[in-house]
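Working notes, beginning with the structure itself.
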Amino acid sequence: MSFCGYKSEIREGDTVILYLTINQYYSIEAKNTTLSKKGLPIQNVVQTPYGSLACGDLIGKKFGTKIQLKKGWAYILQPTPEFWTEILPHRTQIIYTPDVSMILLFLELKPSSIVIESGTGSGSLSHAIIRKIKPSGHLYTFDFHETRVEIVRKEFADHGLSDFVTVQTRDVCTTGFGEELHGKVDAIFLDLPQPWSAANFTREMFKSRGGRLCSFSPCIEQVQKMCGVLSNLGYQEIQTMEILQSNFAVQKRKMNVLNLNMLKTPNPNEKENDKTEKEFSNFVTSVPPNSLPGHTGYLTFATFPPTHSIYCNNLNKNV
Ligand SMILES: C[S@@+](CC[C@H](N)C(=O)[O-])C[C@H]1O[C@@H](n2cnc3c(N)ncnc32)[C@H](O)[C@@H]1O
């Protein structure tokens with residue numbers, strides 16, 4: 001499956017992104033048949049605003065091809081974690097790409113990293129972590145909601161990612177992450193209503209000192225409590241940030257040009273009008289937004305001592 005790496009040709013069962021416009025794209029499966037609501041095999045056809053598409057017809061086509069629909073056209077693209085975040089079926093709130101990118105960077109993940117995540121939720125962040133740490137890394141992801149675990153496990157399998165991820169039903173706030181992971185982990189990510197309860201089980205998980213932890217919380221009160229607990233547990237380099245996307249508008253503006261003639265000693269021969277004549281210059285500039293809506297949550301990072309992180313030299317200053 002192409003979530004697992006780039007390939008040129010679509011094979012039977014592959015997940016494909018059907019891209020119509022920048023705001024309209026869907027995930028489809030390149031299969032001739034699918035199951036109806038009654039569980040009976042039927043032809044796998046998707047309806048789009050530009051006409052229907054028999055998904056089996058995509059088998060053998062190249063990723064990136066432009067295909068003709070009855071009333072328009074579409075591109076068939078490789079799936080990526082970024083596309084998946086936009087179109088996945090929501091079972092929970094999810095983490096979006098701007099936060100995901102900072103999490104991957106500040107957790108210092110690389111191919112071969114061993115990572116713990118909880119809760120798994122809808123698997124949005126999990127897909128991005130897996131792409132970052134494979135082929136030799138592994139993600140251990142926990143959620144106490146059994147149905148969510150079953151659904152996400154099937155999605156990982158459908159996307160060909162099962163070798164890189166282990167999903168478990170577990171209440172990490174009361175039972176931690178399991179003895180089998182003691183001393184094996186490089187990084188821990190928590191997206192939980194009460195991350196401080198799970199934090200008590202985190203220290204013994206790290207492979208070596210210098211392991212990184214991140215906690216995502218929507219409310220500042222959760223952040224305050226989590227920072228206090230992390231500090232008591234001996235974590236260092238505790239740093240909280242909020243990622244806000246800011247779109248600059250490109251606009252044409254007019255500006256007065258300073259008339260330097262006005263600074264000269266007056267010339268009695270010059271007409272009076274010449275001194276006050278104003279010149280304007282037109283230019284294109286970018287304008288920042290007046291406000292920044294779009295709060296998702298706060299990201300709190302910390303290092304299990306001794307510190308080695310390259311990103312946080314101002315020890316504990318930001319708490
Ligand atoms: C907001 S969702 C996580 C979304 C996920 N980060 C994503 O990007 O799709 C939070 C998840 O934490 C799970 N959860 C809450 N408390 C838990 C606990 N004590 N142990 C394990 N999972 C828990 C919930 O069932 C829920 O699925």
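Within each chain, counting starts at residue 1; across the structure tokens, chains are named A, B, ... in the order shown, with ligands numbered 1 upward in that order.
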
Each residue of chain A with at least one atom at most 6 Å from ligand 1 should appear once, together with its nearest atom pair and the corresponding distance in Å (one decimal); atoms considered: only C-alpha atoms and all ligand atoms; ordering: chain, then increasing residue number; output as a tab-separated table.
```
residue	atom	partner	partner_atom_place_in_ligand_line	distance
A:Thr92	CA	ligand 1	2 (S)	5.2
A:Gln93	CA	ligand 1	1 (C)	4.6
A:Ile94	CA	ligand 1	8 (O)	3.8
A:Ile95	CA	ligand 1	8 (O)	4.0
A:Ser118	CA	ligand 1	22 (N)	5.7
A:Gly119	CA	ligand 1	12 (O)	3.5
A:Thr120	CA	ligand 1	5 (C)	5.0
A:Gly121	CA	ligand 1	27 (O)	3.4
A:Ser122	CA	ligand 1	9 (O)	3.7
A:Gly123	CA	ligand 1	9 (O)	4.1
A:Ser124	CA	ligand 1	8 (O)	4.0
A:Leu125	CA	ligand 1	8 (O)	4.2
A:Phe142	CA	ligand 1	21 (C)	5.7
A:Asp143	CA	ligand 1	22 (N)	3.5
A:Phe144	CA	ligand 1	21 (C)	4.1
A:His145	CA	ligand 1	25 (O)	4.7
A:Arg170	CA	ligand 1	21 (C)	5.5
A:Asp171	CA	ligand 1	20 (N)	3.5
A:Val172	CA	ligand 1	20 (N)	4.2
A:Cys173	CA	ligand 1	19 (N)	4.4
A:Asp191	CA	ligand 1	3 (C)	5.4
A:Leu192	CA	ligand 1	12 (O)	4.9
```

Kindly export the residues of the current selection with N, CA, C and O atoms, as a PDB file, in the first residue's frame.
```
ATOM      1  N   THR A  92     -12.900  11.207  17.181  1.00  0.00           N
ATOM      2  CA  THR A  92     -12.508  12.090  18.297  1.00  0.00           C
ATOM      3  C   THR A  92     -12.049  13.421  17.700  1.00  0.00           C
ATOM      4  O   THR A  92     -11.953  13.567  16.487  1.00  0.00           O
ATOM      5  N   GLN A  93     -11.703  14.347  18.576  1.00  0.00           N
ATOM      6  CA  GLN A  93     -10.922  15.516  18.137  1.00  0.00           C
ATOM      7  C   GLN A  93      -9.589  14.982  17.621  1.00  0.00           C
ATOM      8  O   GLN A  93      -9.111  13.965  18.146  1.00  0.00           O
ATOM      9  N   ILE A  94      -8.989  15.641  16.663  1.00  0.00           N
ATOM     10  CA  ILE A  94      -7.711  15.128  16.146  1.00  0.00           C
ATOM     11  C   ILE A  94      -6.646  16.221  16.182  1.00  0.00           C
ATOM     12  O   ILE A  94      -6.955  17.398  16.355  1.00  0.00           O
ATOM     13  N   ILE A  95      -5.401  15.808  15.976  1.00  0.00           N
ATOM     14  CA  ILE A  95      -4.309  16.775  15.893  1.00  0.00           C
ATOM     15  C   ILE A  95      -4.050  17.089  14.423  1.00  0.00           C
ATOM     16  O   ILE A  95      -3.973  16.180  13.598  1.00  0.00           O
ATOM     17  N   SER A 118      -0.504   8.121  23.507  1.00  0.00           N
ATOM     18  CA  SER A 118      -1.814   7.858  24.108  1.00  0.00           C
ATOM     19  C   SER A 118      -2.538   9.188  24.266  1.00  0.00           C
ATOM     20  O   SER A 118      -1.913  10.172  24.652  1.00  0.00           O
ATOM     21  N   GLY A 119      -3.901   9.259  23.969  1.00  0.00           N
ATOM     22  CA  GLY A 119      -4.704   8.260  23.323  1.00  0.00           C
ATOM     23  C   GLY A 119      -4.524   8.284  21.809  1.00  0.00           C
ATOM     24  O   GLY A 119      -4.225   9.310  21.201  1.00  0.00           O
ATOM     25  N   THR A 120      -4.832   7.141  21.273  1.00  0.00           N
ATOM     26  CA  THR A 120      -4.722   6.961  19.820  1.00  0.00           C
ATOM     27  C   THR A 120      -5.774   7.785  19.080  1.00  0.00           C
ATOM     28  O   THR A 120      -5.505   8.334  18.010  1.00  0.00           O
ATOM     29  N   GLY A 121      -6.984   7.831  19.663  1.00  0.00           N
ATOM     30  CA  GLY A 121      -8.072   8.624  19.073  1.00  0.00           C
ATOM     31  C   GLY A 121      -8.409   8.155  17.672  1.00  0.00           C
ATOM     32  O   GLY A 121      -8.683   6.972  17.442  1.00  0.00           O
ATOM     33  N   SER A 122      -8.335   9.056  16.691  1.00  0.00           N
ATOM     34  CA  SER A 122      -8.668   8.723  15.300  1.00  0.00           C
ATOM     35  C   SER A 122      -7.432   8.369  14.486  1.00  0.00           C
ATOM     36  O   SER A 122      -7.529   8.164  13.271  1.00  0.00           O
ATOM     37  N   GLY A 123      -6.260   8.387  15.110  1.00  0.00           N
ATOM     38  CA  GLY A 123      -5.042   7.953  14.415  1.00  0.00           C
ATOM     39  C   GLY A 123      -4.419   9.008  13.521  1.00  0.00           C
ATOM     40  O   GLY A 123      -3.560   8.689  12.697  1.00  0.00           O
ATOM     41  N   SER A 124      -4.824  10.274  13.699  1.00  0.00           N
ATOM     42  CA  SER A 124      -4.268  11.326  12.834  1.00  0.00           C
ATOM     43  C   SER A 124      -2.767  11.479  13.068  1.00  0.00           C
ATOM     44  O   SER A 124      -1.952  11.359  12.147  1.00  0.00           O
ATOM     45  N   LEU A 125      -2.388  11.723  14.321  1.00  0.00           N
ATOM     46  CA  LEU A 125      -0.956  11.887  14.617  1.00  0.00           C
ATOM     47  C   LEU A 125      -0.198  10.590  14.371  1.00  0.00           C
ATOM     48  O   LEU A 125       0.938  10.615  13.884  1.00  0.00           O
ATOM     49  N   PHE A 142      -1.808   3.645  22.636  1.00  0.00           N
ATOM     50  CA  PHE A 142      -2.775   3.107  23.595  1.00  0.00           C
ATOM     51  C   PHE A 142      -4.021   3.996  23.665  1.00  0.00           C
ATOM     52  O   PHE A 142      -3.910   5.226  23.665  1.00  0.00           O
ATOM     53  N   ASP A 143      -5.185   3.327  23.750  1.00  0.00           N
ATOM     54  CA  ASP A 143      -6.433   4.056  23.983  1.00  0.00           C
ATOM     55  C   ASP A 143      -7.324   3.148  24.823  1.00  0.00           C
ATOM     56  O   ASP A 143      -7.319   1.929  24.629  1.00  0.00           O
ATOM     57  N   PHE A 144      -8.083   3.725  25.758  1.00  0.00           N
ATOM     58  CA  PHE A 144      -8.933   2.848  26.589  1.00  0.00           C
ATOM     59  C   PHE A 144     -10.295   2.574  25.950  1.00  0.00           C
ATOM     60  O   PHE A 144     -11.093   1.841  26.486  1.00  0.00           O
ATOM     61  N   HIS A 145     -10.547   3.165  24.760  1.00  0.00           N
ATOM     62  CA  HIS A 145     -11.830   2.980  24.077  1.00  0.00           C
ATOM     63  C   HIS A 145     -11.680   1.838  23.066  1.00  0.00           C
ATOM     64  O   HIS A 145     -11.032   1.985  22.028  1.00  0.00           O
ATOM     65  N   ARG A 170      -5.958   0.138  26.603  1.00  0.00           N
ATOM     66  CA  ARG A 170      -5.342   0.252  27.927  1.00  0.00           C
ATOM     67  C   ARG A 170      -5.662   1.619  28.528  1.00  0.00           C
ATOM     68  O   ARG A 170      -5.615   2.623  27.821  1.00  0.00           O
ATOM     69  N   ASP A 171      -5.970   1.633  29.812  1.00  0.00           N
ATOM     70  CA  ASP A 171      -6.132   2.904  30.525  1.00  0.00           C
ATOM     71  C   ASP A 171      -4.757   3.293  31.062  1.00  0.00           C
ATOM     72  O   ASP A 171      -4.312   2.758  32.084  1.00  0.00           O
ATOM     73  N   VAL A 172      -4.090   4.198  30.371  1.00  0.00           N
ATOM     74  CA  VAL A 172      -2.703   4.517  30.732  1.00  0.00           C
ATOM     75  C   VAL A 172      -2.619   5.357  32.006  1.00  0.00           C
ATOM     76  O   VAL A 172      -1.563   5.440  32.615  1.00  0.00           O
ATOM     77  N   CYS A 173      -3.757   5.967  32.398  1.00  0.00           N
ATOM     78  CA  CYS A 173      -3.717   6.806  33.605  1.00  0.00           C
ATOM     79  C   CYS A 173      -3.713   5.956  34.876  1.00  0.00           C
ATOM     80  O   CYS A 173      -3.252   6.401  35.916  1.00  0.00           O
ATOM     81  N   ASP A 191      -2.020  12.789  24.548  1.00  0.00           N
ATOM     82  CA  ASP A 191      -3.167  13.640  24.208  1.00  0.00           C
ATOM     83  C   ASP A 191      -4.326  13.096  25.026  1.00  0.00           C
ATOM     84  O   ASP A 191      -5.126  12.299  24.545  1.00  0.00           O
ATOM     85  N   LEU A 192      -4.372  13.494  26.294  1.00  0.00           N
ATOM     86  CA  LEU A 192      -5.308  12.923  27.262  1.00  0.00           C
ATOM     87  C   LEU A 192      -5.944  14.050  28.066  1.00  0.00           C
ATOM     88  O   LEU A 192      -5.304  15.087  28.282  1.00  0.00           O
TER      89      LEU A 192
END
```

Alpha helix (DSSP H) per DSSP on the backbone: members of stretch 73-145 of chain A, as a PyMOL selection string: chain A and resi 81-87+97-106+124-133

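Considering only C-alpha atoms, the residue among A:Ser162, A:Gln78, A:Thr202, A:Asn256 positioned nearest to A:Thr15 is A:Gln78.
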
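By chain and then residue number, the residues within 12 Å of A:Gly13 are Met1, Ser2, Glu9, Ile28, Glu29, Ala30, Lys31, Asn32, Thr33, Thr34, Asn44, Cys55, Gly56, Asp57, Leu58, Ile59, Gly60, Ala157, Asp158, His159 and Gly160 of chain A, counting only C-alpha atoms and disregarding those fewer than 4 positions away in sequence.
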
Would you kindly return, as an mmCIF file with all heavy atoms, in the first residue's frame, each protein, DNA or RNA residue with an atom no farther than 12 Å from any atom of A:Pro111, considering only C-alpha atoms and excluding same-chain residues fewer than 4 positions away?
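Resulting contents of selection.cif:
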```cif
data_model
loop_
_atom_site.group_PDB
_atom_site.id
_atom_site.type_symbol
_atom_site.label_atom_id
_atom_site.label_comp_id
_atom_site.auth_asym_id
_atom_site.auth_seq_id
_atom_site.Cartn_x
_atom_site.Cartn_y
_atom_site.Cartn_z
ATOM 1 N N LEU A 104 6.597 16.331 15.819
ATOM 2 C CA LEU A 104 7.637 15.462 15.246
ATOM 3 C C LEU A 104 9.025 16.080 15.426
ATOM 4 O O LEU A 104 9.991 15.398 15.757
ATOM 5 C CB LEU A 104 7.388 15.223 13.743
ATOM 6 C CG LEU A 104 6.059 14.573 13.363
ATOM 7 C CD1 LEU A 104 6.010 14.340 11.857
ATOM 8 C CD2 LEU A 104 5.838 13.261 14.094
ATOM 9 N N VAL A 115 8.489 4.924 20.018
ATOM 10 C CA VAL A 115 7.617 5.994 20.520
ATOM 11 C C VAL A 115 6.378 5.405 21.198
ATOM 12 O O VAL A 115 5.809 4.421 20.720
ATOM 13 C CB VAL A 115 7.172 6.916 19.352
ATOM 14 C CG1 VAL A 115 6.334 8.076 19.853
ATOM 15 C CG2 VAL A 115 8.373 7.431 18.577
ATOM 16 N N ILE A 129 3.593 9.993 12.770
ATOM 17 C CA ILE A 129 4.706 9.431 13.559
ATOM 18 C C ILE A 129 5.279 8.213 12.833
ATOM 19 O O ILE A 129 6.496 8.066 12.684
ATOM 20 C CB ILE A 129 4.243 9.035 14.983
ATOM 21 C CG1 ILE A 129 3.859 10.278 15.784
ATOM 22 C CG2 ILE A 129 5.343 8.258 15.709
ATOM 23 C CD1 ILE A 129 3.363 9.999 17.199
ATOM 24 N N ILE A 130 4.382 7.348 12.342
ATOM 25 C CA ILE A 130 4.850 6.109 11.690
ATOM 26 C C ILE A 130 5.712 6.448 10.466
ATOM 27 O O ILE A 130 6.774 5.865 10.257
ATOM 28 C CB ILE A 130 3.650 5.213 11.290
ATOM 29 C CG1 ILE A 130 2.934 4.722 12.541
ATOM 30 C CG2 ILE A 130 4.109 4.038 10.438
ATOM 31 C CD1 ILE A 130 1.584 4.086 12.286
ATOM 32 N N ARG A 131 5.267 7.416 9.661
ATOM 33 C CA ARG A 131 6.073 7.761 8.481
ATOM 34 C C ARG A 131 7.464 8.233 8.900
ATOM 35 O O ARG A 131 8.452 7.935 8.245
ATOM 36 C CB ARG A 131 5.385 8.859 7.664
ATOM 37 C CG ARG A 131 6.213 9.251 6.432
ATOM 38 C CD ARG A 131 5.570 10.327 5.610
ATOM 39 N NE ARG A 131 5.401 11.555 6.368
ATOM 40 C CZ ARG A 131 4.759 12.631 5.914
ATOM 41 N NH1 ARG A 131 4.225 12.611 4.714
ATOM 42 N NH2 ARG A 131 4.657 13.711 6.664
ATOM 43 N N LYS A 132 7.539 8.968 10.024
ATOM 44 C CA LYS A 132 8.817 9.532 10.464
ATOM 45 C C LYS A 132 9.770 8.453 10.985
ATOM 46 O O LYS A 132 10.983 8.559 10.808
ATOM 47 C CB LYS A 132 8.522 10.556 11.578
ATOM 48 C CG LYS A 132 9.695 11.321 12.082
ATOM 49 C CD LYS A 132 10.016 12.461 11.185
ATOM 50 C CE LYS A 132 11.336 13.081 11.573
ATOM 51 N NZ LYS A 132 11.776 14.087 10.659
ATOM 52 N N ILE A 133 9.255 7.417 11.673
ATOM 53 C CA ILE A 133 10.149 6.495 12.387
ATOM 54 C C ILE A 133 10.428 5.203 11.628
ATOM 55 O O ILE A 133 11.323 4.460 12.012
ATOM 56 C CB ILE A 133 9.580 6.142 13.780
ATOM 57 C CG1 ILE A 133 8.248 5.400 13.657
ATOM 58 C CG2 ILE A 133 9.450 7.394 14.626
ATOM 59 C CD1 ILE A 133 7.679 4.936 14.995
ATOM 60 N N LYS A 134 9.641 4.890 10.589
ATOM 61 C CA LYS A 134 9.897 3.652 9.874
ATOM 62 C C LYS A 134 11.144 3.799 8.988
ATOM 63 O O LYS A 134 11.519 4.925 8.720
ATOM 64 C CB LYS A 134 8.656 3.203 9.094
ATOM 65 C CG LYS A 134 8.312 3.965 7.876
ATOM 66 C CD LYS A 134 6.987 3.480 7.347
ATOM 67 C CE LYS A 134 6.632 4.229 6.106
ATOM 68 N NZ LYS A 134 7.593 4.133 5.010
ATOM 69 N N PRO A 135 11.845 2.753 8.606
ATOM 70 C CA PRO A 135 11.382 1.359 8.679
ATOM 71 C C PRO A 135 11.790 0.628 9.957
ATOM 72 O O PRO A 135 11.228 -0.414 10.271
ATOM 73 C CB PRO A 135 12.088 0.717 7.474
ATOM 74 C CG PRO A 135 13.361 1.492 7.347
ATOM 75 C CD PRO A 135 13.056 2.889 7.789
ATOM 76 N N SER A 136 12.759 1.186 10.744
ATOM 77 C CA SER A 136 13.234 0.382 11.878
ATOM 78 C C SER A 136 12.672 0.846 13.214
ATOM 79 O O SER A 136 12.940 0.222 14.242
ATOM 80 C CB SER A 136 14.769 0.411 11.909
ATOM 81 O OG SER A 136 15.215 1.742 11.773
ATOM 82 N N GLY A 137 11.883 1.927 13.237
ATOM 83 C CA GLY A 137 11.278 2.373 14.493
ATOM 84 C C GLY A 137 9.946 1.680 14.734
ATOM 85 O O GLY A 137 9.471 0.904 13.898
ATOM 86 N N HIS A 138 9.344 1.977 15.895
ATOM 87 C CA HIS A 138 8.033 1.367 16.191
ATOM 88 C C HIS A 138 7.212 2.318 17.064
ATOM 89 O O HIS A 138 7.748 2.972 17.945
ATOM 90 C CB HIS A 138 8.210 0.033 16.907
ATOM 91 C CG HIS A 138 7.004 -0.849 16.788
ATOM 92 N ND1 HIS A 138 6.833 -1.749 15.744
ATOM 93 C CD2 HIS A 138 5.885 -0.942 17.554
ATOM 94 C CE1 HIS A 138 5.670 -2.370 15.885
ATOM 95 N NE2 HIS A 138 5.083 -1.892 16.978
ATOM 96 N N LEU A 139 5.906 2.364 16.773
ATOM 97 C CA LEU A 139 4.974 3.165 17.573
ATOM 98 C C LEU A 139 4.107 2.224 18.408
ATOM 99 O O LEU A 139 3.485 1.304 17.861
ATOM 100 C CB LEU A 139 4.081 4.010 16.654
ATOM 101 C CG LEU A 139 2.945 4.763 17.356
ATOM 102 C CD1 LEU A 139 3.490 5.855 18.280
ATOM 103 C CD2 LEU A 139 1.986 5.394 16.342
ATOM 104 N N PHE A 164 4.745 -1.524 11.731
ATOM 105 C CA PHE A 164 5.422 -0.407 12.411
ATOM 106 C C PHE A 164 4.661 0.106 13.626
ATOM 107 O O PHE A 164 5.084 1.063 14.257
ATOM 108 C CB PHE A 164 5.620 0.764 11.432
ATOM 109 C CG PHE A 164 6.168 0.332 10.116
ATOM 110 C CD1 PHE A 164 5.385 0.363 8.979
ATOM 111 C CD2 PHE A 164 7.468 -0.143 10.016
ATOM 112 C CE1 PHE A 164 5.887 -0.053 7.757
ATOM 113 C CE2 PHE A 164 7.980 -0.566 8.808
ATOM 114 C CZ PHE A 164 7.184 -0.530 7.671
ATOM 115 N N ASP A 186 12.178 6.102 23.188
ATOM 116 C CA ASP A 186 12.896 7.371 22.957
ATOM 117 C C ASP A 186 12.017 8.583 23.238
ATOM 118 O O ASP A 186 12.513 9.633 23.619
ATOM 119 C CB ASP A 186 13.346 7.455 21.489
ATOM 120 C CG ASP A 186 14.324 6.360 21.148
ATOM 121 O OD1 ASP A 186 15.438 6.388 21.685
ATOM 122 O OD2 ASP A 186 13.961 5.462 20.359
#
```

In stretch 150-287 of chain A, DSSP strand (DSSP E) residues written as number ranges by chain: A: 165-169, 187-190, 212-217, 236-242, 249-257, 279-287

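With atom CA of A:Tyr140 on one side and atom CA of A:Leu213 on the other, the separation reads 14.3 Å.
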
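Using only C-alpha atoms for every distance, the candidate list A:Gly211, A:Trp196, A:Leu105, A:Met205 yields A:Trp196 as the residue closest to A:Gly228.
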
Any idea what's packed within 10 Å of stretch 240-242 of chain A, counting only C-alpha atoms, ignoring anything in its chain fewer than 3 positions away? Could you give it as an mmCIF file with N, CA, C and O atoms, in the first residue's frame?
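And here is the file that came out, around.cif:
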```
data_model
loop_
_atom_site.group_PDB
_atom_site.id
_atom_site.type_symbol
_atom_site.label_atom_id
_atom_site.label_comp_id
_atom_site.auth_asym_id
_atom_site.auth_seq_id
_atom_site.Cartn_x
_atom_site.Cartn_y
_atom_site.Cartn_z
ATOM 1 N N ASP A 99 0.321 21.477 14.243
ATOM 2 C CA ASP A 99 0.759 20.926 15.531
ATOM 3 C C ASP A 99 1.586 19.658 15.318
ATOM 4 O O ASP A 99 2.608 19.459 15.979
ATOM 5 N N MET A 102 5.274 20.326 14.582
ATOM 6 C CA MET A 102 6.085 20.719 15.744
ATOM 7 C C MET A 102 6.321 19.537 16.670
ATOM 8 O O MET A 102 7.396 19.410 17.275
ATOM 9 N N CYS A 214 6.018 14.920 25.151
ATOM 10 C CA CYS A 214 5.148 16.034 24.725
ATOM 11 C C CYS A 214 3.730 15.752 25.195
ATOM 12 O O CYS A 214 3.265 14.615 25.126
ATOM 13 N N SER A 215 3.056 16.796 25.684
ATOM 14 C CA SER A 215 1.657 16.661 26.078
ATOM 15 C C SER A 215 0.849 17.745 25.376
ATOM 16 O O SER A 215 1.235 18.914 25.393
ATOM 17 N N PHE A 216 -0.261 17.338 24.752
ATOM 18 C CA PHE A 216 -1.146 18.283 24.042
ATOM 19 C C PHE A 216 -2.381 18.511 24.903
ATOM 20 O O PHE A 216 -3.070 17.550 25.261
ATOM 21 N N PRO A 218 -5.874 21.306 25.380
ATOM 22 C CA PRO A 218 -6.573 22.492 24.882
ATOM 23 C C PRO A 218 -6.608 23.645 25.898
ATOM 24 O O PRO A 218 -6.656 24.797 25.497
ATOM 25 N N ILE A 220 -5.380 26.000 29.315
ATOM 26 C CA ILE A 220 -4.165 26.458 29.988
ATOM 27 C C ILE A 220 -4.096 25.906 31.420
ATOM 28 O O ILE A 220 -3.020 25.673 31.958
ATOM 29 N N VAL A 223 -2.429 22.714 31.261
ATOM 30 C CA VAL A 223 -0.990 22.935 31.039
ATOM 31 C C VAL A 223 -0.294 23.241 32.364
ATOM 32 O O VAL A 223 0.760 22.674 32.680
ATOM 33 N N GLN A 224 -0.929 24.144 33.158
ATOM 34 C CA GLN A 224 -0.307 24.529 34.441
ATOM 35 C C GLN A 224 -0.110 23.314 35.329
ATOM 36 O O GLN A 224 0.957 23.099 35.895
ATOM 37 N N CYS A 227 2.640 20.973 33.891
ATOM 38 C CA CYS A 227 4.005 21.502 34.070
ATOM 39 C C CYS A 227 4.473 21.289 35.508
ATOM 40 O O CYS A 227 5.622 20.912 35.752
ATOM 41 N N GLU A 237 13.871 21.345 30.968
ATOM 42 C CA GLU A 237 13.611 21.993 29.660
ATOM 43 C C GLU A 237 12.108 22.036 29.368
ATOM 44 O O GLU A 237 11.681 21.825 28.244
ATOM 45 N N GLN A 245 -1.580 29.455 12.914
ATOM 46 C CA GLN A 245 -1.298 29.709 11.503
ATOM 47 C C GLN A 245 -1.748 31.115 11.161
ATOM 48 O O GLN A 245 -2.859 31.515 11.523
ATOM 49 N N HIS A 295 -7.243 28.545 17.790
ATOM 50 C CA HIS A 295 -6.592 27.825 18.888
ATOM 51 C C HIS A 295 -6.978 26.349 18.836
ATOM 52 O O HIS A 295 -8.147 26.008 18.727
ATOM 53 N N THR A 296 -5.981 25.483 18.852
ATOM 54 C CA THR A 296 -6.260 24.040 18.936
ATOM 55 C C THR A 296 -5.876 23.542 20.317
ATOM 56 O O THR A 296 -6.670 22.925 21.008
ATOM 57 N N GLY A 297 -4.652 23.846 20.717
ATOM 58 C CA GLY A 297 -4.194 23.392 22.027
ATOM 59 C C GLY A 297 -2.781 23.870 22.275
ATOM 60 O O GLY A 297 -2.149 24.463 21.402
ATOM 61 N N TYR A 298 -2.310 23.614 23.498
ATOM 62 C CA TYR A 298 -0.936 23.969 23.858
ATOM 63 C C TYR A 298 -0.083 22.709 23.827
ATOM 64 O O TYR A 298 -0.538 21.639 24.227
ATOM 65 N N LEU A 299 1.133 22.868 23.332
ATOM 66 C CA LEU A 299 2.075 21.747 23.300
ATOM 67 C C LEU A 299 3.115 21.968 24.387
ATOM 68 O O LEU A 299 3.817 22.978 24.381
ATOM 69 N N THR A 300 3.178 21.053 25.330
ATOM 70 C CA THR A 300 4.190 21.151 26.392
ATOM 71 C C THR A 300 5.239 20.068 26.144
ATOM 72 O O THR A 300 4.904 18.888 26.038
ATOM 73 N N PHE A 301 6.484 20.504 26.015
ATOM 74 C CA PHE A 301 7.596 19.562 25.801
ATOM 75 C C PHE A 301 8.461 19.523 27.050
ATOM 76 O O PHE A 301 8.575 20.523 27.780
ATOM 77 N N ALA A 302 9.095 18.400 27.270
ATOM 78 C CA ALA A 302 10.010 18.281 28.409
ATOM 79 C C ALA A 302 11.044 17.199 28.112
ATOM 80 O O ALA A 302 10.820 16.326 27.277
ATOM 81 N N ASN A 318 10.530 29.196 30.450
ATOM 82 C CA ASN A 318 9.250 29.460 29.797
ATOM 83 C C ASN A 318 8.058 28.928 30.567
ATOM 84 O O ASN A 318 6.949 29.002 30.105
ATOM 85 N N VAL A 319 8.253 28.322 31.701
ATOM 86 C CA VAL A 319 7.138 27.733 32.443
ATOM 87 C C VAL A 319 6.396 28.811 33.225
ATOM 88 O O VAL A 319 7.025 29.637 33.829
#
```

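Minimum atom-to-atom distances from A:Glu179, A:Val167, A:Ser8, A:Val16 to A:Tyr75 were compared using only C-alpha atoms, and the lowest value belongs to A:Val16.
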